[in-house]
$ cat work34.csv   # CSV, C-alpha atoms
chain,number,residue,atom,x,y,z
U,1,MET,CA,-15.6,25.1,-28.5
U,2,GLN,CA,-14.2,25.2,-25.0
U,3,LYS,CA,-12.1,22.6,-23.3
U,4,ARG,CA,-13.7,19.8,-21.4
U,5,GLN,CA,-14.4,20.7,-17.7
U,6,ASP,CA,-14.9,17.3,-16.1
U,7,TYR,CA,-11.3,16.0,-16.4
U,8,ILE,CA,-9.6,14.5,-13.4
U,9,SER,CA,-7.0,16.2,-11.3
U,10,TRP,CA,-3.3,15.1,-11.1
U,11,ASP,CA,-4.0,13.6,-7.7
U,12,GLU,CA,-6.9,11.6,-9.1
U,13,TYR,CA,-4.9,10.5,-12.1
U,14,PHE,CA,-1.9,9.3,-10.2
U,15,MET,CA,-3.9,7.6,-7.4
U,16,GLY,CA,-5.9,6.0,-10.3
U,17,VAL,CA,-2.6,4.6,-11.7
U,18,ALA,CA,-1.8,3.3,-8.2
U,19,LEU,CA,-5.2,1.6,-7.9
U,20,LEU,CA,-4.9,0.2,-11.4
U,21,SER,CA,-1.4,-1.2,-10.5
U,22,ALA,CA,-3.0,-2.9,-7.5
U,23,LYS,CA,-5.1,-5.0,-9.9
U,24,ARG,CA,-1.9,-6.9,-10.8
U,25,SER,CA,-1.5,-8.2,-7.3
U,26,LYS,CA,-2.2,-11.9,-6.8
U,27,ASP,CA,-2.8,-11.4,-3.0
U,28,PRO,CA,-6.3,-12.7,-2.3
U,29,GLY,CA,-6.7,-10.5,0.7
U,30,THR,CA,-5.1,-7.1,0.0
U,31,GLN,CA,-4.3,-5.5,-3.3
U,32,VAL,CA,-2.1,-2.4,-3.0
U,33,GLY,CA,-0.6,-0.3,-5.7
U,34,ALA,CA,1.9,2.6,-5.8
U,35,CYS,CA,2.9,5.2,-8.4
U,36,ILE,CA,6.0,7.5,-8.2
U,37,VAL,CA,5.8,10.9,-9.9
U,38,ASN,CA,8.6,13.4,-10.5
U,39,GLN,CA,8.3,17.2,-10.2
U,40,GLN,CA,7.2,17.4,-13.8
U,41,ASN,CA,4.2,15.1,-13.2
U,42,LYS,CA,5.7,12.3,-15.1
U,43,ILE,CA,5.4,8.7,-13.8
U,44,VAL,CA,8.8,7.3,-13.0
U,45,GLY,CA,7.9,4.1,-11.1
U,46,ALA,CA,4.9,1.9,-10.3
U,47,GLY,CA,4.4,-1.3,-8.3
U,48,TYR,CA,2.0,-3.5,-6.5
U,49,ASN,CA,2.3,-6.0,-3.6
U,50,GLY,CA,3.6,-9.3,-4.8
U,51,LEU,CA,6.3,-11.9,-4.6
U,52,PRO,CA,9.8,-11.0,-5.9
U,53,MET,CA,10.7,-12.0,-9.5
U,54,GLY,CA,11.5,-15.6,-9.8
U,55,CYS,CA,9.3,-16.6,-6.8
U,56,SER,CA,6.3,-18.5,-8.0
U,57,ASP,CA,2.9,-17.1,-7.0
U,58,ASP,CA,1.7,-20.7,-6.9
U,59,ILE,CA,4.3,-22.1,-4.4
U,60,PHE,CA,4.5,-19.4,-1.7
U,61,PRO,CA,1.7,-19.0,0.8
U,62,TRP,CA,-0.9,-16.2,0.7
U,63,SER,CA,-2.3,-16.7,4.3
U,64,ARG,CA,-2.5,-13.9,6.7
U,65,GLU,CA,-2.6,-16.1,9.8
U,66,GLY,CA,-0.6,-19.0,11.2
U,67,ASP,CA,3.0,-19.9,11.5
U,68,PHE,CA,5.1,-16.9,10.2
U,69,LEU,CA,6.8,-19.0,7.5
U,70,ASN,CA,3.4,-20.2,6.3
U,71,THR,CA,2.0,-16.7,5.8
U,72,LYS,CA,2.6,-14.2,3.1
U,73,TYR,CA,4.5,-11.7,5.3
U,74,PRO,CA,8.1,-12.9,5.0
U,75,TYR,CA,7.8,-13.2,1.2
U,76,VAL,CA,5.6,-10.4,-0.2
U,77,CYS,CA,7.2,-7.2,-1.5
U,78,HIS,CA,5.0,-4.2,-0.8
U,79,ALA,CA,3.8,-1.9,-3.5
U,80,GLU,CA,5.8,1.1,-2.4
U,81,LEU,CA,9.1,-0.8,-2.3
U,82,ASN,CA,8.3,-2.4,-5.7
U,83,ALA,CA,7.6,1.1,-7.2
U,84,ILE,CA,11.0,2.3,-5.9
U,85,LEU,CA,12.8,-0.8,-7.2
U,86,ASN,CA,10.9,-0.7,-10.5
U,87,ASN,CA,11.7,3.0,-11.2
U,88,ILE,CA,12.9,3.9,-14.7
U,89,GLY,CA,16.5,4.5,-13.4
U,90,MET,CA,15.9,8.1,-12.2
U,91,ASP,CA,17.0,9.7,-9.0
U,92,LEU,CA,13.8,9.9,-7.0
U,93,HIS,CA,14.8,12.9,-4.9
U,94,GLY,CA,11.9,15.3,-4.8
U,95,CYS,CA,9.4,12.9,-6.1
U,96,LYS,CA,5.9,12.0,-4.8
U,97,ILE,CA,4.6,8.5,-4.1
U,98,TYR,CA,0.9,7.8,-4.4
U,99,THR,CA,-0.2,4.7,-2.6
U,100,ALA,CA,-3.5,3.0,-1.8
U,101,LEU,CA,-2.5,2.4,1.8
U,102,PHE,CA,-0.4,4.5,4.2
U,103,PRO,CA,3.1,2.9,4.0
U,104,CYS,CA,4.5,0.5,6.6
U,105,ASN,CA,7.7,1.2,8.5
U,106,GLU,CA,9.8,-0.9,6.1
U,107,CYS,CA,8.5,0.9,3.0
U,108,THR,CA,8.9,4.2,4.8
U,109,LYS,CA,12.6,3.5,5.3
U,110,ALA,CA,12.9,3.0,1.5
U,111,ILE,CA,10.8,6.1,0.7
U,112,ILE,CA,13.0,8.2,2.9
U,113,GLN,CA,16.3,6.7,1.7
U,114,SER,CA,15.2,7.2,-2.0
U,115,GLY,CA,14.7,10.9,-1.5
U,116,ILE,CA,10.9,10.9,-2.0
U,117,LYS,CA,9.5,14.1,-0.5
U,118,GLU,CA,5.8,13.5,-0.3
U,119,VAL,CA,3.5,10.5,0.4
U,120,VAL,CA,-0.1,10.8,-0.9
U,121,TYR,CA,-2.3,7.9,0.4
U,122,LEU,CA,-5.9,6.9,0.0
U,123,SER,CA,-6.5,4.8,3.1
U,124,ASP,CA,-4.9,4.9,6.6
U,125,LYS,CA,-7.0,2.1,8.0
U,126,TYR,CA,-4.1,0.7,10.1
U,127,ALA,CA,-3.1,4.1,11.7
U,128,GLY,CA,-3.4,2.8,15.2
U,129,GLU,CA,-0.9,0.0,14.7
U,130,ASP,CA,2.7,0.5,16.0
U,131,VAL,CA,4.2,-0.2,12.5
U,132,PHE,CA,2.3,2.8,11.1
U,133,LYS,CA,2.9,5.0,14.1
U,134,ALA,CA,6.6,4.3,13.5
U,135,SER,CA,6.2,5.3,9.8
U,136,ARG,CA,4.6,8.6,10.7
U,137,LYS,CA,7.4,9.3,13.2
U,138,MET,CA,10.1,8.6,10.7
U,139,LEU,CA,8.4,10.6,7.8
U,140,GLU,CA,7.9,13.6,10.1
U,141,SER,CA,11.4,13.5,11.3
U,142,ALA,CA,12.8,13.2,7.8
U,143,GLY,CA,10.6,16.1,6.6
U,144,VAL,CA,8.6,14.0,4.2
U,145,ALA,CA,5.1,15.5,3.7
U,146,CYS,CA,2.1,13.2,4.0
U,147,ARG,CA,-1.5,13.8,3.0
U,148,GLN,CA,-4.6,11.9,2.3
U,149,VAL,CA,-5.7,12.3,-1.3
U,150,GLN,CA,-8.8,14.5,-1.8
U,151,THR,CA,-10.9,13.7,-4.8
U,152,ASN,CA,-13.9,15.1,-6.6
U,153,VAL,CA,-14.8,11.8,-8.1
U,154,GLU,CA,-16.0,8.7,-6.2
U,155,GLU,CA,-14.8,6.2,-8.8
U,156,LEU,CA,-13.3,5.9,-12.2
U,157,VAL,CA,-14.5,3.2,-14.7
U,158,LEU,CA,-12.3,1.8,-17.4
U,159,SER,CA,-13.6,0.1,-20.5
U,160,PHE,CA,-11.7,-2.0,-23.0
U,161,GLN,CA,-14.5,-1.8,-25.5
U,162,ALA,CA,-13.1,0.0,-28.5
U,163,HIS,CA,-16.4,1.7,-29.4
U,164,LYS,CA,-16.4,3.6,-26.1
U,165,VAL,CA,-13.2,5.5,-26.9
$ encode --input "work34.csv" --output "structure tokens"
Amino acid sequence: MQKRQDYISWDEYFMGVALLSAKRSKDPGTQVGACIVNQQNKIVGAGYNGLPMGCSDDIFPWSREGDFLNTKYPYVCHAELNAILNNIGMDLHGCKIYTALFPCNECTKAIIQSGIKEVVYLSDKYAGEDVFKASRKMLESAGVACRQVQTNVEELVLSFQAHKV
């Protein structure tokens, strides 16, 4: 018997973990996940966009528009920053971060400072906005590689039905 041929690539696996992490987000508009991987292809951190620990998801706003203090923006911690802060206590130098969305300028600062050397993203839908132009400029200047993930699968389906394992 030969090994199975239809297994997923490392990129598909780690982006899948990032997308699964995004399912934990309470944000009704945007769910983003991130997964940090070391040079041995071991997951060393994961996160999703959400409020900091101790801040109630029921008290703080989730709106995208309106008075700044009545929107989610001053309160939500992005997936990339959460993945960095939630790491297992390892030095992140040389790691890769997989993220559903290309990182904003604030997350980019944390990515660079933590020593992550590659950003692998699924979507770059906000590429034209200044925040993301600044991100690209910083990542390029710091020598952090960026690439959009390439997959051979369109979707992955998970089942919690024991008989399907």
$ residues_around --input "work34.csv" --residues "U:Asn86" --least-positions-apart "5" --cutoff "7 Å" --atoms "only C-alpha atoms" --output "number ranges by chain"
U: 45-47
$ closest_residue --input "work34.csv" --among "U:Ser9, U:Gln148, U:Ser123, U:Ser63" --to "U:Tyr75" --atoms "all atoms listed in the file"
U:Ser63
$ residues_around --input "work34.csv" --residues "U:Asn152" --least-positions-apart "3" --cutoff "10 Å" --atoms "all atoms listed in the file" --output "PyMOL selection string"
chain U and resi 6+8-9+12+155
$ residues_around --input "work34.csv" --residues "stretch 127-131 of chain U" --least-positions-apart "4" --cutoff "9 Å" --atoms "only C-alpha atoms" --output "count of residues only"
6
$ atom_distance --input "work34.csv" --atom1 "atom CA of U:Leu19" --atom2 "atom CA of U:Ile97"
12.6 Å
$ closest_atom_pairs --input "work34.csv" --of "stretch 51-97 of chain U" --to "stretch 35-42 of chain U" --cutoff "10 Å" --atoms "all atoms listed in the file" --output "Markdown table"
| residue | atom | partner | partner_atom | distance |
| --- | --- | --- | --- | --- |
| U:Ala79 | CA | U:Cys35 | CA | 8.7 |
| U:Glu80 | CA | U:Cys35 | CA | 7.8 |
| U:Asn82 | CA | U:Cys35 | CA | 9.7 |
| U:Ala83 | CA | U:Cys35 | CA | 6.4 |
| U:Ile84 | CA | U:Ile36 | CA | 7.6 |
| U:Asn86 | CA | U:Ile36 | CA | 9.8 |
| U:Asn87 | CA | U:Ile36 | CA | 7.9 |
| U:Met90 | CA | U:Asn38 | CA | 9.2 |
| U:Asp91 | CA | U:Asn38 | CA | 9.3 |
| U:Leu92 | CA | U:Asn38 | CA | 7.2 |
| U:His93 | CA | U:Asn38 | CA | 8.4 |
| U:Gly94 | CA | U:Gln39 | CA | 6.8 |
| U:Cys95 | CA | U:Asn38 | CA | 4.5 |
| U:Lys96 | CA | U:Val37 | CA | 5.2 |
| U:Ile97 | CA | U:Ile36 | CA | 4.4 |
$ build_atoms --input "work34.csv" --residues "stretch 126-137 of chain U" --atoms "all heavy atoms" --output "CSV table (one decimal), in the frame of the given file"
chain,number,residue,atom,x,y,z
U,126,TYR,N,-4.9,1.4,9.1
U,126,TYR,CA,-4.1,0.7,10.1
U,126,TYR,C,-3.4,1.8,11.0
U,126,TYR,O,-2.4,1.4,11.7
U,126,TYR,CB,-3.1,-0.3,9.5
U,126,TYR,CG,-3.8,-1.4,8.7
U,126,TYR,CD1,-3.6,-1.4,7.3
U,126,TYR,CD2,-4.6,-2.3,9.3
U,126,TYR,CE1,-4.2,-2.5,6.6
U,126,TYR,CE2,-5.2,-3.3,8.6
U,126,TYR,CZ,-5.0,-3.4,7.2
U,126,TYR,OH,-5.6,-4.4,6.5
U,127,ALA,N,-3.8,3.0,11.0
U,127,ALA,CA,-3.1,4.1,11.7
U,127,ALA,C,-2.8,3.8,13.1
U,127,ALA,O,-1.8,4.3,13.7
U,127,ALA,CB,-4.0,5.4,11.6
U,128,GLY,N,-3.6,3.0,13.8
U,128,GLY,CA,-3.4,2.8,15.2
U,128,GLY,C,-2.4,1.7,15.5
U,128,GLY,O,-2.0,1.6,16.7
U,129,GLU,N,-1.9,1.0,14.5
U,129,GLU,CA,-0.9,0.0,14.7
U,129,GLU,C,0.5,0.6,14.9
U,129,GLU,O,0.8,1.5,14.2
U,129,GLU,CB,-0.9,-1.1,13.6
U,129,GLU,CG,-2.2,-1.8,13.6
U,129,GLU,CD,-2.3,-2.9,12.5
U,129,GLU,OE1,-1.2,-3.3,12.0
U,129,GLU,OE2,-3.4,-3.4,12.2
U,130,ASP,N,1.3,0.0,15.7
U,130,ASP,CA,2.7,0.5,16.0
U,130,ASP,C,3.5,0.7,14.7
U,130,ASP,O,4.3,1.6,14.6
U,130,ASP,CB,3.4,-0.4,16.9
U,130,ASP,CG,2.9,-0.3,18.4
U,130,ASP,OD1,2.1,0.7,18.6
U,130,ASP,OD2,3.2,-1.2,19.2
U,131,VAL,N,3.4,-0.3,13.8
U,131,VAL,CA,4.2,-0.2,12.5
U,131,VAL,C,3.9,1.1,11.8
U,131,VAL,O,4.8,1.8,11.3
U,131,VAL,CB,3.8,-1.4,11.6
U,131,VAL,CG1,4.3,-1.2,10.2
U,131,VAL,CG2,4.4,-2.7,12.2
U,132,PHE,N,2.7,1.6,11.8
U,132,PHE,CA,2.3,2.8,11.1
U,132,PHE,C,2.6,4.0,11.9
U,132,PHE,O,2.8,5.1,11.4
U,132,PHE,CB,0.9,2.6,10.6
U,132,PHE,CG,0.7,1.5,9.6
U,132,PHE,CD1,0.3,0.2,10.1
U,132,PHE,CD2,1.0,1.7,8.3
U,132,PHE,CE1,0.2,-0.8,9.2
U,132,PHE,CE2,0.9,0.6,7.4
U,132,PHE,CZ,0.6,-0.7,7.9
U,133,LYS,N,2.5,3.9,13.2
U,133,LYS,CA,2.9,5.0,14.1
U,133,LYS,C,4.4,5.3,13.9
U,133,LYS,O,4.8,6.4,13.8
U,133,LYS,CB,2.6,4.7,15.6
U,133,LYS,CG,1.2,4.7,15.9
U,133,LYS,CD,1.0,4.3,17.4
U,133,LYS,CE,-0.5,4.2,17.7
U,133,LYS,NZ,-0.7,3.8,19.1
U,134,ALA,N,5.2,4.2,13.8
U,134,ALA,CA,6.6,4.3,13.5
U,134,ALA,C,6.9,5.0,12.1
U,134,ALA,O,7.7,5.9,12.0
U,134,ALA,CB,7.3,3.0,13.5
U,135,SER,N,6.1,4.7,11.2
U,135,SER,CA,6.2,5.3,9.8
U,135,SER,C,6.0,6.8,9.9
U,135,SER,O,6.8,7.6,9.4
U,135,SER,CB,5.1,4.7,8.9
U,135,SER,OG,5.4,3.3,8.6
U,136,ARG,N,4.9,7.2,10.6
U,136,ARG,CA,4.6,8.6,10.7
U,136,ARG,C,5.7,9.3,11.4
U,136,ARG,O,6.1,10.4,11.0
U,136,ARG,CB,3.3,8.8,11.5
U,136,ARG,CG,2.1,8.6,10.7
U,136,ARG,CD,0.9,9.3,11.2
U,136,ARG,NE,-0.3,9.0,10.5
U,136,ARG,CZ,-0.6,9.5,9.3
U,136,ARG,NH1,0.1,10.4,8.8
U,136,ARG,NH2,-1.7,9.2,8.7
U,137,LYS,N,6.3,8.7,12.5
U,137,LYS,CA,7.4,9.3,13.2
U,137,LYS,C,8.6,9.5,12.3
U,137,LYS,O,9.2,10.6,12.3
U,137,LYS,CB,7.7,8.5,14.4
U,137,LYS,CG,8.7,9.1,15.4
U,137,LYS,CD,8.9,8.2,16.6
U,137,LYS,CE,9.8,8.8,17.6
U,137,LYS,NZ,9.9,8.1,18.8
